[in-house]
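Report on one structure; see the data block that follows.
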Amino acid sequence: MTEQLAVDAVGVTKSFGSLRAVDDITVQVAPGEVYGVLGPNGAGKTTFLRMLFGLIRPDAGTIRVFGRTWEKDGINVLDGVAGFIESPKFYPYLTGRQNLEGLALLDGGDRADRLAEVLEVVDLTDRAGDKVSGYSYGMRQRLGVAASLLRDPRLLVLDEPANGLDPAGIRDMRALVKRLAGSGLTVLLSSHHMDEVEEICDNVTIMRTGSVAFHGTIEKLRTMAPDPGYALSTGDDVRAREVAGRHPSVAVTTDPDAELVVTGPRDDVAAYVADLVRSGIRLDGFIATRTPLESLFFMLTDAESSVEGAA
Ligand SMILES: Nc1ncnc2c1ncn2[C@@H]1O[C@H](COP(=O)(O)OP(=O)(O)OP(=O)(O)O)[C@@H](O)[C@H]1O
Ligand SMILES: [Mg+2]
């Protein structure tokens, strides 16, 4: 028997009036994996997750969560599922702990004994006695994860969990998701950051205005990524271009700000830079502009371009 999928959404479509927000997308999440739904603003990520949670109905397609469907099983679809769409909501005048106590009570009293544990997991033990109104955005997001974990889910669904966080908050949220995944939890998250998905997900669906632009593993995505690009500033750009003539696999172009841009396979670019230094050309700056996967993300989600090998 094949292993039952945590999420098996096939051919899902949803329109709002004449706008097709989600167009025939298929997302299949195996138990234990971290799955990313990636796309720019308005791509349809939240709409898809809302359908998964039964908040809106698809116009076409089927959604199974651990084999259950909304049509046949109703609210039981959400057995073992927790998470939040957009931002988690709490009573601001209650403390983090009181909010969780309230939720535990609503969800069946036996959750309360998990309270200390989930606060610890999201690193809020020290602040659990403070009112939520005094929480930073990142702390509220983490309290949202804690509230989800109270249910002891098999599947955690997070809609852009790192959105709006500062770099430290992003790092903490990613570490938290990785920790949870390491404990065997299945995680389905949406994001519009390629680096986030690359860092924590096994499989990814990239959406562009409703439809699937790529579907597969991060490894496959890497093989499709273009060469990395770098901004180069030197003491003598003319000679720097001449030196590039000795490195046929490296392209040196000038961007609209008259800065040199170097693209090519990583090792060949390194050899070119070494050659610049050997040639006595002063190197003032050498900065990676976009990672290859970021470039690929823009190519995949830009309506004008097409990428070989994409869905
Ligand atoms: N209730 C609604 N009524 C009308 N249009 C909607 C509704 N919900 C979403 N849309 C539209 O559907 C499209 C997809 O929206 P959605 O919120 O799913 O995108 P998203 O990928 O989550 O974007 P973001 O990254 O900004 O959160 C957008 O064009 C949006 O305006
Ligand atoms: Mg959204």
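Following the order of the structure tokens, first chain is A, next is B, and so on, with residues numbered from 1 inside each chain and ligands from 1 in the order they appear.
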For this session: For Leu55 (chain A), work out the shell of residues within 12 Å, counting only C-alpha atoms and skipping chain neighbours fewer than 6 positions away, then give it as a list in words.
Result: Thr46, Thr47, Phe48, Leu49, Trp70, Gly74, Ile75, Leu78, Phe84 and Ile85 of chain A
For the contact check between region 35-95 of chain A and region 294-303 of chain A, emit one row per residue of region 35-95 of chain A within 10 Å, containing the shortest atom pair and the distance in Å rounded to one decimal, counting only C-alpha atoms, chain then rising number order, as a tab-separated table.
residue	atom	partner	partner_atom	distance
A:Leu38	CA	A:Phe297	CA	8.9
A:Gly39	CA	A:Thr301	CA	7.1
A:Pro40	CA	A:Thr301	CA	7.3
A:Ala43	CA	A:Thr301	CA	8.9
Report as CSV: every residue of chain A with an atom at most 7 Å from ligand 2, its closest pair of atoms, and their distance in Å to one decimal, counting only C-alpha atoms and all ligand atoms, with rows sorted by chain and ascending residue number.
residue,atom,partner,partner_atom_place_in_ligand_line,distance
A:Asn41,CA,ligand 2,1 (Mg),6.8
A:Gly42,CA,ligand 2,1 (Mg),6.9
A:Gly44,CA,ligand 2,1 (Mg),7.0
A:Lys45,CA,ligand 2,1 (Mg),5.5
A:Thr46,CA,ligand 2,1 (Mg),4.1
A:Glu86,CA,ligand 2,1 (Mg),6.2
A:Asp159,CA,ligand 2,1 (Mg),6.7
Using N, CA and C atoms, can you write the selected residues to a file as a PDB file, in the first residue's frame?
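The result, written out as part.pdb:
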ATOM      1  N   ASN A  41       3.360  38.310  -4.150  1.00  0.00           N
ATOM      2  CA  ASN A  41       2.085  38.810  -3.634  1.00  0.00           C
ATOM      3  C   ASN A  41       0.985  38.574  -4.664  1.00  0.00           C
ATOM      4  N   GLY A  42      -0.145  38.084  -4.175  1.00  0.00           N
ATOM      5  CA  GLY A  42      -1.296  37.906  -5.062  1.00  0.00           C
ATOM      6  C   GLY A  42      -1.255  36.640  -5.899  1.00  0.00           C
ATOM      7  N   GLY A  44      -1.839  33.626  -4.992  1.00  0.00           N
ATOM      8  CA  GLY A  44      -2.917  32.688  -4.662  1.00  0.00           C
ATOM      9  C   GLY A  44      -2.567  31.749  -3.516  1.00  0.00           C
ATOM     10  N   LYS A  45      -1.487  32.022  -2.807  1.00  0.00           N
ATOM     11  CA  LYS A  45      -1.036  31.130  -1.731  1.00  0.00           C
ATOM     12  C   LYS A  45      -2.072  31.059  -0.604  1.00  0.00           C
ATOM     13  N   THR A  46      -2.472  32.241  -0.125  1.00  0.00           N
ATOM     14  CA  THR A  46      -3.424  32.274   0.995  1.00  0.00           C
ATOM     15  C   THR A  46      -4.755  31.668   0.571  1.00  0.00           C
ATOM     16  N   GLU A  86      -2.551  33.984   7.307  1.00  0.00           N
ATOM     17  CA  GLU A  86      -2.102  35.368   7.474  1.00  0.00           C
ATOM     18  C   GLU A  86      -1.546  35.526   8.891  1.00  0.00           C
ATOM     19  N   ASP A 159       1.008  30.216   7.071  1.00  0.00           N
ATOM     20  CA  ASP A 159       0.927  31.140   5.943  1.00  0.00           C
ATOM     21  C   ASP A 159       1.941  32.267   6.157  1.00  0.00           C
TER      22      ASP A 159
END
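The space separating CA of Gly83 (chain A) from CA of Leu293 (chain A) comes to 27.4 Å.
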Seminar exercise, completed: Using only C-alpha atoms and all ligand atoms, the shortest atom-to-atom distance to ligand 1 among A:Val177, A:Val212, A:Ala30, A:Ala258 belongs to A:Val212
Exercise. Got a sec: who's within 10 Å of Arg174 (chain A), counting only C-alpha atoms, leaving out chain neighbours fewer than 4 positions off, as number ranges by chain?
Worked result: A: 161-162, 168-170, 178-180, 196-197, 199-200
Would you mind exporting all heavy atoms of the selected residues as a compact mmCIF listing (two decimals), in the first residue's frame?
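So part.txt came out as:
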# COMPACT_ATOMS: atom_id res chain seq x y z
N PRO A 161 4.98 32.46 7.67
CA PRO A 161 5.28 32.64 9.09
C PRO A 161 6.36 33.69 9.37
O PRO A 161 6.38 34.27 10.45
CB PRO A 161 5.74 31.25 9.54
CG PRO A 161 6.19 30.57 8.28
CD PRO A 161 5.29 31.10 7.22
N ALA A 162 7.22 33.93 8.40
CA ALA A 162 8.32 34.88 8.64
C ALA A 162 8.01 36.26 8.09
O ALA A 162 8.85 37.16 8.18
CB ALA A 162 9.61 34.34 8.02
N ALA A 168 16.56 38.88 12.64
CA ALA A 168 16.71 37.95 13.77
C ALA A 168 15.44 37.12 13.94
O ALA A 168 15.49 35.91 14.20
CB ALA A 168 17.01 38.73 15.05
N GLY A 169 14.29 37.78 13.75
CA GLY A 169 13.00 37.07 13.85
C GLY A 169 12.87 36.01 12.78
O GLY A 169 12.37 34.91 13.03
N ILE A 170 13.32 36.35 11.58
CA ILE A 170 13.28 35.39 10.47
C ILE A 170 14.15 34.18 10.80
O ILE A 170 13.73 33.03 10.63
CB ILE A 170 13.76 36.06 9.15
CG1 ILE A 170 12.72 37.08 8.69
CG2 ILE A 170 14.02 35.02 8.06
CD1 ILE A 170 13.14 37.91 7.50
N LYS A 178 12.46 24.32 11.38
CA LYS A 178 13.38 23.19 11.20
C LYS A 178 13.32 22.23 12.39
O LYS A 178 13.33 21.01 12.22
CB LYS A 178 14.82 23.71 11.07
CG LYS A 178 15.20 24.13 9.68
CD LYS A 178 16.71 24.27 9.65
CE LYS A 178 17.21 25.05 8.49
NZ LYS A 178 18.59 25.47 8.67
N ARG A 179 13.28 22.82 13.60
CA ARG A 179 13.20 21.98 14.81
C ARG A 179 11.93 21.14 14.78
O ARG A 179 11.95 19.95 15.06
CB ARG A 179 13.15 22.89 16.04
CG ARG A 179 14.47 23.07 16.72
CD ARG A 179 14.41 23.51 18.16
NE ARG A 179 13.43 24.48 18.57
CZ ARG A 179 13.57 25.80 18.48
NH1 ARG A 179 14.65 26.31 17.91
NH2 ARG A 179 12.64 26.62 18.92
N LEU A 180 10.83 21.78 14.42
CA LEU A 180 9.55 21.07 14.40
C LEU A 180 9.58 19.96 13.36
O LEU A 180 9.10 18.85 13.59
CB LEU A 180 8.41 22.04 14.09
CG LEU A 180 8.17 23.10 15.18
CD1 LEU A 180 7.14 24.12 14.71
CD2 LEU A 180 7.71 22.44 16.47
N GLU A 196 14.20 31.33 2.01
CA GLU A 196 13.54 30.65 3.13
C GLU A 196 13.14 29.22 2.74
O GLU A 196 13.41 28.26 3.45
CB GLU A 196 12.28 31.43 3.50
CG GLU A 196 11.42 30.77 4.54
CD GLU A 196 10.40 31.75 5.09
OE1 GLU A 196 9.44 32.09 4.37
OE2 GLU A 196 10.61 32.20 6.21
N VAL A 197 12.51 29.14 1.58
CA VAL A 197 12.04 27.84 1.11
C VAL A 197 13.23 26.92 0.83
O VAL A 197 13.22 25.74 1.17
CB VAL A 197 11.16 28.06 -0.15
CG1 VAL A 197 10.92 26.77 -0.87
CG2 VAL A 197 9.84 28.68 0.27
N GLU A 199 16.04 26.97 2.29
CA GLU A 199 16.68 26.56 3.53
C GLU A 199 15.90 25.49 4.27
O GLU A 199 16.50 24.59 4.87
CB GLU A 199 16.83 27.80 4.43
CG GLU A 199 17.74 27.60 5.61
CD GLU A 199 17.78 28.84 6.49
OE1 GLU A 199 17.74 29.97 5.96
OE2 GLU A 199 17.82 28.65 7.72
N ILE A 200 14.57 25.57 4.22
CA ILE A 200 13.84 24.66 5.12
C ILE A 200 12.94 23.63 4.44
O ILE A 200 12.48 22.72 5.10
CB ILE A 200 13.02 25.43 6.19
CG1 ILE A 200 12.05 26.42 5.57
CG2 ILE A 200 13.91 26.11 7.18
CD1 ILE A 200 11.34 27.24 6.62
When you look at Asp257 (chain A) with a cut-off of 12 Å (counting only C-alpha atoms), what residues show up, excluding the ones that are within fewer than 5 positions of it in the same chain? I need them as a PDB file with N, CA and C atoms, in the first residue's frame.
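Result file is part-v4.pdb:
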ATOM      1  N   ALA A 231      27.963  42.141  -8.518  1.00  0.00           N
ATOM      2  CA  ALA A 231      28.296  43.526  -8.867  1.00  0.00           C
ATOM      3  C   ALA A 231      29.777  43.697  -8.567  1.00  0.00           C
ATOM      4  N   LEU A 232      30.496  44.244  -9.560  1.00  0.00           N
ATOM      5  CA  LEU A 232      31.956  44.373  -9.419  1.00  0.00           C
ATOM      6  C   LEU A 232      32.326  45.838  -9.529  1.00  0.00           C
ATOM      7  N   SER A 233      33.125  46.323  -8.593  1.00  0.00           N
ATOM      8  CA  SER A 233      33.640  47.675  -8.811  1.00  0.00           C
ATOM      9  C   SER A 233      35.158  47.638  -8.676  1.00  0.00           C
TER      10      SER A 233
END
For this session: Might you pull out every residue within 7 Å of region 272-276 of chain A, with only C-alpha atoms counted and same-chain residues fewer than 3 positions away left off, and present them as a list of chain:residue names?
Result: A:Ala240, A:Val243, A:Ala244, A:His247, A:Asp268, A:Val269, A:Ser279, A:Gly280, A:Ile281
Could you write those residues out with N, CA, C and O atoms, as a PDB file, in the first residue's frame?
ATOM      1  N   ALA A 240      39.480  45.843 -16.586  1.00  0.00           N
ATOM      2  CA  ALA A 240      38.749  44.694 -16.014  1.00  0.00           C
ATOM      3  C   ALA A 240      37.981  43.973 -17.118  1.00  0.00           C
ATOM      4  O   ALA A 240      37.897  42.738 -17.137  1.00  0.00           O
ATOM      5  N   VAL A 243      40.510  41.969 -19.237  1.00  0.00           N
ATOM      6  CA  VAL A 243      40.899  40.713 -18.576  1.00  0.00           C
ATOM      7  C   VAL A 243      39.808  39.655 -18.794  1.00  0.00           C
ATOM      8  O   VAL A 243      40.096  38.462 -18.962  1.00  0.00           O
ATOM      9  N   ALA A 244      38.541  40.112 -18.831  1.00  0.00           N
ATOM     10  CA  ALA A 244      37.423  39.172 -19.031  1.00  0.00           C
ATOM     11  C   ALA A 244      37.553  38.426 -20.354  1.00  0.00           C
ATOM     12  O   ALA A 244      37.063  37.291 -20.483  1.00  0.00           O
ATOM     13  N   HIS A 247      38.607  34.969 -20.159  1.00  0.00           N
ATOM     14  CA  HIS A 247      37.726  34.043 -19.421  1.00  0.00           C
ATOM     15  C   HIS A 247      36.398  33.901 -20.172  1.00  0.00           C
ATOM     16  O   HIS A 247      35.403  34.535 -19.808  1.00  0.00           O
ATOM     17  N   ASP A 268      34.578  29.705 -12.224  1.00  0.00           N
ATOM     18  CA  ASP A 268      35.171  30.514 -13.294  1.00  0.00           C
ATOM     19  C   ASP A 268      35.196  31.991 -12.896  1.00  0.00           C
ATOM     20  O   ASP A 268      36.142  32.716 -13.208  1.00  0.00           O
ATOM     21  N   VAL A 269      34.158  32.424 -12.181  1.00  0.00           N
ATOM     22  CA  VAL A 269      34.135  33.816 -11.714  1.00  0.00           C
ATOM     23  C   VAL A 269      35.275  34.027 -10.712  1.00  0.00           C
ATOM     24  O   VAL A 269      35.981  35.035 -10.761  1.00  0.00           O
ATOM     25  N   SER A 279      46.563  40.954 -12.102  1.00  0.00           N
ATOM     26  CA  SER A 279      46.866  41.958 -13.119  1.00  0.00           C
ATOM     27  C   SER A 279      47.040  43.350 -12.510  1.00  0.00           C
ATOM     28  O   SER A 279      47.188  44.336 -13.233  1.00  0.00           O
ATOM     29  N   GLY A 280      46.960  43.436 -11.202  1.00  0.00           N
ATOM     30  CA  GLY A 280      47.209  44.707 -10.520  1.00  0.00           C
ATOM     31  C   GLY A 280      46.026  45.671 -10.592  1.00  0.00           C
ATOM     32  O   GLY A 280      46.183  46.874 -10.364  1.00  0.00           O
ATOM     33  N   ILE A 281      44.827  45.151 -10.901  1.00  0.00           N
ATOM     34  CA  ILE A 281      43.636  46.013 -10.949  1.00  0.00           C
ATOM     35  C   ILE A 281      43.031  46.074  -9.546  1.00  0.00           C
ATOM     36  O   ILE A 281      42.791  45.029  -8.920  1.00  0.00           O
TER      37      ILE A 281
END
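Non-sequential neighbours of Pro292 (chain A) (distance at most 10 Å, separation of 6 or more positions within a chain, only C-alpha atoms) are A:Met194, A:Leu221, A:Arg222, A:Thr223, A:Met224, A:Ala225, A:Pro226, A:Asp227, A:Pro228, A:Gly229.
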Selected residues written out, C-alpha atoms, as a PDB file, in the first residue's frame:
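To be explicit, this is the file written out as again34.pdb:
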ATOM      1  CA  MET A 194      13.150  31.765  -2.176  1.00  0.00           C
ATOM      2  CA  LEU A 221      15.158  23.696  -8.777  1.00  0.00           C
ATOM      3  CA  ARG A 222      18.887  24.142  -8.175  1.00  0.00           C
ATOM      4  CA  THR A 223      19.742  22.404 -11.434  1.00  0.00           C
ATOM      5  CA  MET A 224      17.512  24.875 -13.299  1.00  0.00           C
ATOM      6  CA  ALA A 225      18.986  27.950 -11.644  1.00  0.00           C
ATOM      7  CA  PRO A 226      21.022  30.333 -13.767  1.00  0.00           C
ATOM      8  CA  ASP A 227      24.629  31.245 -12.986  1.00  0.00           C
ATOM      9  CA  PRO A 228      25.127  33.574 -10.042  1.00  0.00           C
ATOM     10  CA  GLY A 229      25.570  37.300 -10.681  1.00  0.00           C
TER      11      GLY A 229
END
Problem set entry | Residues of region 38-277 of chain A in strand (DSSP E or B), written as JSON, numbers by chain | {"A": [38, 60, 61, 62, 63, 64, 65, 68, 81, 82, 83, 84, 95, 131, 155, 156, 157, 158, 159, 186, 187, 188, 189, 190, 191, 203, 204, 205, 206, 207, 208, 211, 212, 213, 214, 215, 216, 217, 229, 230, 231, 232, 233, 234, 251, 252, 253, 254, 260, 261, 262, 263]}
For this session: Mind checking which residues fall within 6 Å of region 116-133 of chain A, counting only C-alpha atoms, ignoring those fewer than 2 positions away in the same chain, and posting them as a ChimeraX atom specification?
Result: /A:92-97,114,135,142,146
Exercise. If you run DSSP on the backbone, which residues of region 182-275 of chain A are helix (DSSP H, G or I), as a ChimeraX atom specification?
Worked result: /A:182,194-200,218-224,237-244,266-275
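Proximity of A:Gly164, A:Gly134, A:Pro153, A:Gly80 to ligand 1, computed with only C-alpha atoms and all ligand atoms, is greatest for A:Gly164.
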Seminar exercise, completed: Counting only C-alpha atoms, the residue among A:Arg151, A:His193, A:Arg57, A:Arg20 that lies closest to Val81 (chain A) is A:Arg151
Seminar exercise, completed: Counting only C-alpha atoms and all ligand atoms, the residue among A:Val12, A:Leu105, A:Leu165, A:Val22 that lies closest to ligand 1 is A:Val22
